[in-house]
Amino acid sequence: MSSTFFYAVVLDALPDLLEEGIDCFICESDVIWKCEKKARFDRGFFLACNAMRNYPKIAYSPSKASGEGRSVYDEQAEKEFISYLKLFDAISVRDLDLQEYVERFFPRPPIVLDPVFLNPRETYEDMAIKPPEKGYVLAFIVLERADKLIQLAAKFAETHNLDLIEAGEYYFHIKTTKYSRHTMRYDIGIEEQWGLISEADYIFTNSFHGVCFSIIFEKQFFTGSRGGGKIEDLLDRFGLRERSVDLAFNSESLEPIVPEIKYMDINATKNMLVAESYDFLKFALNAARQKLTGKARHSSRIESIKDLCTGCGACVNSCKFDAIHFVPDALGFNYPIIDKERCTNCKQCDSVCPVLFKNVFMNEFAAKDAQQVFAVMMDDSVRFSSSSGGMFSALANYFINTYRGKVCGAVWCDDCYSVRHEIVAETNELSRIRKSKYVQSNLGKIFVDIRSRLENSESILFTGCPCQVAGLRTFLGKEYVNLLLVDIVCHGVPSPKAWELYLKEMEYEQKLKVVSVDHRDKSSGWGGNVSIGFDSGWSISIPRNEGWRAFFLSNYALRNCCYSCRYTNRLRQGDITIGDFWKIGSFDSSLNDKKGTSIVIVNDQKGLSYFDEIREDLKIAAPVPLKFSFATQRPLFTNQTYNKGKRDVFINNITNGFSAAILAVSAES
């Protein structure tokens with residue numbers, strides 16, 4: 001049945017349907033906003049009929065036709081398209097190209113998951129009709145011919161002594177591959193497709209939904225290319241771009257050159273993205289209810305995403321009415337609360353939230369597989385006062401001395417109980433920003449200050465966690481040539497409340513006041529012990545496997561979003577990424593002299609320009625293969641493990657003090 005005929009039937013039946021109590025309409029998913037050359041748009045998919053005129057309308061996950069790629073509609077179609085969009089009360093989209101197109105005329109719509117992800121895996125397993133075969137590669141092919149993909153799948157199957165089952169429509173593929181164990185499945189329903197996917201050892205597909213169900217059924221899969229970018233967008237959202245056959249295989253071997261998919265990490269990402277998608281639906285339906293009831297009520301979404309909120313402060317900085325403030329939870333992490341009396345429902349806070357609008361920044365070098373990685377060392381005197389190899393010092397010193405720029409980074413507050421971001425203008429002030437802090441910094445209204453300085457032609461270097469860099473990007477809303485962004489390789493941020501209690505207990509034991517903290521004292525070498533100084537001049541050194549560092553590495557009191565962090569992948573938020581280059585000695589022993597080595601990932605042309613400018617100041621800047629770098633640095637490819645049991649015990653006992661909470665967790669273990 002054609003979509004046009006189907007909608008003609010539905011629209012004719014609308015009066016009867018409305019009598020049954022329908023009060024809101026949703027159009028959803030796939031290429032429903034395709035523009036045909038002759039027939040133009042199908043108005044049914046825009047809910048554009050008189051019977052729907054006074055009812056709320058929601059667009060969930062629509063897409064343009066893949067063949068249109070990232071192109072725009074012609075002038076006539078564009079006018080028609082805009083007039084249809086004006087009918088909607090809430091719009092989300094499925095693909096990046098449609099998001100970029102829509103935001104030319106309307107506020108940026110969020111990207112949500114295809115609705116097949118909204119059901120749990122068990123739903124499809126219960127309905128799947130499983131094939132009798134075992135031990136096969138599935139080639140799931142739709143629409144376009146996929147000769148090269150089929151050839152690769154056949155050779156892969158033969159190499160691994162597996163059958164090749166093709167679910168497609170091109171019988172000649174069998175003759176082309178000449179693989180005796182290549183069979184076809186024609187005219188099968190969706191239940192048979194689910195069964196074939198669920199039982200396959202490997203999947204080769206050019207289908208968007210083939211990729212969706214490969215992820216849902218947790219399969220090892222590879223993708224071919226089709227017109228448009230929707231498959232690539234989906235892979236990017238899950239951090240799986242390397243599953244493209246162009247990246248997963250080389251010409252010399254049929255063995256993949258990428259590791260198997262670790263679905264523990266992918267499922268964490270999926271759960272986060274599903275939560276975001278449901279969040280849009282809750283927001284849209286709430287807005288629909290408001291329209292129907294006439295009740296004006298606050299409808300910002302930022303309070304509803306607590307498990308995903310990074311605390312970047314973009315929302316607080318963006319509010320012109322001072323209607324948003326942070327309130328700490330039991331672990332001391334700040335979350336936004338909206339003053340309903342001050343809020344005007346302008347939705348500006350939603351529009352700058354990097355959680356609600358994920359695709360802040362598409363890294364140009366990562367998209368081209370062209371990121372450059374270096375192992376970097378400054379001279380020994382600089383490294384001794386740095387956490388790793390001194391790369392931050394090299395950049396910051398050059399930035400201030402050459403461009404008369406300002407540097408923004410994390411500094412200890414006077415009592416050492418907390419950390420905040422601050423802007424410094426002199427090189428002798430950089431020591432306060434230098435070194436790892438191991439607690440989340442409070443950004444306050446620093447984004448407003450940065451924007452003002454940038455607009456006044458000041459040059460700014462901003463360094464922070466990837467989520468903080470993402471927050472600054474969304475807040476600014478545009479690129480600045482006089483802004484250099486540096487993100488750090490982040491393990492996750494631990495509880496600020498726990499840190500405060502830890503220091504207070506130490507002060508009570510020593511009967512002294514803490515005046516300095518060095519989490520990476522290099523007196524004992526790279527990695528270092530934790531050094532804590534007191535007002536008497538006395539200091540103590542705590543081994544790295546004890547006290548706060550041991551608690552930090554236990555991971556059960558990190559911020560909620562750290563367990564499903566969207567920045568543990570190659571699509572970095574900074575122009576440059578820096579951190580400790582752990583395990584670099586296994587690549588080249590000469591690059592680890594036990595005094596500290598930085599990993600430096602150059603992510604775009606701006607980052608490359610700055611890196612080239614400081615090369616002469618570096619003692620060592622050795623190129624390192626991209627594959628080695630991302631395979632050995634855990635925070636670049638996976639999130640920390642969530643232990644709800646230990647976390648709950650710690651939270652329930654933290655009011656009794658840091659040590660008491662730790663003992664309670666140990667007792668449970």
# chains A, B, ... in the order shown; residues from 1 in each chain; ligands from 1
>>> select_by_dssp(residues="segment 312-430 of chain A", states="helix (DSSP H, G or I)", output="ChimeraX atom specification")
/A:314-318,348-352,364-367,380-384,391-403,427-430
>>> write_last_selection(atoms="N, CA and C atoms", output="short mmCIF file (atom, residue, chain, number, x, y, z; two decimals), in the first residue's frame")
data_model
loop_
_atom_site.label_atom_id
_atom_site.label_comp_id
_atom_site.auth_asym_id
_atom_site.auth_seq_id
_atom_site.Cartn_x
_atom_site.Cartn_y
_atom_site.Cartn_z
N ALA A 314 26.29 26.02 30.88
CA ALA A 314 25.85 26.79 29.71
C ALA A 314 24.46 27.38 29.94
N CYS A 315 23.59 26.63 30.60
CA CYS A 315 22.23 27.11 30.84
C CYS A 315 22.23 28.30 31.79
N VAL A 316 23.01 28.22 32.86
CA VAL A 316 23.10 29.31 33.83
C VAL A 316 23.65 30.57 33.17
N ASN A 317 24.68 30.39 32.35
CA ASN A 317 25.30 31.53 31.67
C ASN A 317 24.37 32.16 30.64
N SER A 318 23.48 31.37 30.06
CA SER A 318 22.65 31.87 28.96
C SER A 318 21.41 32.62 29.42
N GLN A 348 15.90 29.50 25.98
CA GLN A 348 17.29 29.75 25.65
C GLN A 348 18.20 28.73 26.32
N CYS A 349 17.85 28.34 27.54
CA CYS A 349 18.66 27.34 28.26
C CYS A 349 18.67 26.01 27.52
N ASP A 350 17.53 25.63 26.96
CA ASP A 350 17.47 24.39 26.18
C ASP A 350 18.36 24.48 24.95
N SER A 351 18.36 25.65 24.32
CA SER A 351 19.05 25.79 23.04
C SER A 351 20.56 25.73 23.17
N VAL A 352 21.11 25.97 24.38
CA VAL A 352 22.56 25.94 24.56
C VAL A 352 23.04 24.69 25.30
N GLU A 364 36.72 17.90 12.34
CA GLU A 364 37.03 17.77 10.92
C GLU A 364 38.10 16.72 10.65
N PHE A 365 39.11 16.60 11.52
CA PHE A 365 40.16 15.62 11.29
C PHE A 365 39.67 14.21 11.60
N ALA A 366 38.85 14.06 12.66
CA ALA A 366 38.32 12.74 12.98
C ALA A 366 37.43 12.23 11.87
N ALA A 367 36.62 13.14 11.29
CA ALA A 367 35.73 12.74 10.20
C ALA A 367 36.51 12.25 8.99
N ASP A 380 62.89 19.46 31.51
CA ASP A 380 62.67 18.81 32.80
C ASP A 380 62.11 19.75 33.86
N SER A 381 62.54 21.00 33.86
CA SER A 381 62.06 21.94 34.88
C SER A 381 60.57 22.20 34.74
N VAL A 382 60.10 22.31 33.49
CA VAL A 382 58.66 22.50 33.27
C VAL A 382 57.89 21.24 33.60
N ARG A 383 58.42 20.10 33.21
CA ARG A 383 57.72 18.84 33.49
C ARG A 383 57.59 18.57 34.98
N PHE A 384 58.59 18.96 35.76
CA PHE A 384 58.54 18.68 37.20
C PHE A 384 57.36 19.37 37.86
N MET A 391 52.65 19.85 28.24
CA MET A 391 52.06 20.41 27.03
C MET A 391 51.19 21.62 27.32
N PHE A 392 50.44 21.58 28.41
CA PHE A 392 49.62 22.75 28.75
C PHE A 392 50.50 23.98 28.95
N SER A 393 51.60 23.82 29.66
CA SER A 393 52.51 24.95 29.89
C SER A 393 53.05 25.50 28.58
N ALA A 394 53.40 24.60 27.66
CA ALA A 394 53.93 25.03 26.37
C ALA A 394 52.91 25.88 25.62
N LEU A 395 51.66 25.42 25.57
CA LEU A 395 50.62 26.16 24.87
C LEU A 395 50.30 27.47 25.56
N ALA A 396 50.12 27.41 26.89
CA ALA A 396 49.69 28.60 27.63
C ALA A 396 50.75 29.68 27.61
N ASN A 397 52.01 29.33 27.82
CA ASN A 397 53.09 30.31 27.78
C ASN A 397 53.16 30.98 26.41
N TYR A 398 53.10 30.17 25.37
CA TYR A 398 53.18 30.72 24.01
C TYR A 398 51.99 31.62 23.72
N PHE A 399 50.82 31.21 24.18
CA PHE A 399 49.59 31.97 23.91
C PHE A 399 49.66 33.35 24.55
N ILE A 400 50.16 33.42 25.80
CA ILE A 400 50.25 34.71 26.49
C ILE A 400 51.38 35.56 25.91
N ASN A 401 52.54 34.95 25.70
CA ASN A 401 53.70 35.72 25.26
C ASN A 401 53.59 36.20 23.81
N THR A 402 53.02 35.36 22.94
CA THR A 402 52.96 35.69 21.52
C THR A 402 51.73 36.50 21.14
N TYR A 403 50.58 36.15 21.71
CA TYR A 403 49.32 36.78 21.32
C TYR A 403 48.77 37.74 22.37
N THR A 427 52.05 34.91 32.70
CA THR A 427 52.63 33.56 32.78
C THR A 427 52.92 33.15 34.22
N ASN A 428 53.21 34.12 35.11
CA ASN A 428 53.48 33.75 36.50
C ASN A 428 52.23 33.31 37.25
N GLU A 429 51.07 33.46 36.62
CA GLU A 429 49.82 33.01 37.23
C GLU A 429 49.43 31.61 36.77
N LEU A 430 50.13 31.08 35.76
CA LEU A 430 49.76 29.79 35.19
C LEU A 430 49.94 28.63 36.16
#
>>> select_by_dssp(residues="segment 204-379 of chain A", states="strand (DSSP E or B)", output="PyMOL selection string")
chain A and resi 204-205+220-223+244+250+253+324-328+334-338+372-377
>>> residues_around(residues="Cys27 of chain A", least_positions_apart="6", cutoff="12 Å", atoms="only C-alpha atoms", output="VMD selection string")
chain A and resid 7 33 42 to 48 56 to 63 85 88 to 93 115
>>> closest_residue(among="A:Thr293, A:Asn286, A:Asn161, A:Asn119", to="Cys212 of chain A", atoms="only C-alpha atoms")
A:Asn119
>>> residues_around(residues="Lys306 of chain A", least_positions_apart="3", cutoff="9 Å", atoms="only C-alpha atoms", output="count of residues only")
8
>>> residues_around(residues="Val493 of chain A", least_positions_apart="6", cutoff="8 Å", atoms="only C-alpha atoms", output="list in words")
Tyr438, Val439, Gln440, Leu558, Arg559 and Cys562 of chain A
>>> residues_around(residues="segment 627-632 of chain A", least_positions_apart="4", cutoff="7 Å", atoms="only C-alpha atoms", output="list in words")
Lys583, Leu636 and Phe637 of chain A
>>> residues_around(residues="Gly135 of chain A", least_positions_apart="2", cutoff="10 Å", atoms="only C-alpha atoms", output="ChimeraX atom specification")
/A:133,137-138,157,160-164,199-202
>>> closest_residue(among="A:Leu235, A:Cys312, A:Ile532, A:Cys465", to="Ile446 of chain A", atoms="only C-alpha atoms")
A:Cys312
>>> closest_residue(among="A:Lys38, A:Cys24, A:Ser598, A:Val649", to="Ala288 of chain A", atoms="only C-alpha atoms")
A:Cys24
>>> atom_distance(atom1="atom CA of Ile576 of chain A", atom2="atom CA of Glu100 of chain A")
24.9 Å
>>> closest_residue(among="A:Lys148, A:Arg108, A:His325, A:Lys513", to="Leu96 of chain A", atoms="only C-alpha atoms")
A:Arg108
>>> closest_residue(among="A:Phe587, A:Phe551, A:Tyr642, A:Phe208", to="Val31 of chain A", atoms="only C-alpha atoms")
A:Phe208
>>> closest_residue(among="A:Phe117, A:Tyr417, A:Tyr563, A:Phe81", to="Tyr101 of chain A", atoms="only C-alpha atoms")
A:Phe81
>>> atom_distance(atom1="atom CA of Glu242 of chain A", atom2="atom CA of Lys262 of chain A")
13.0 Å
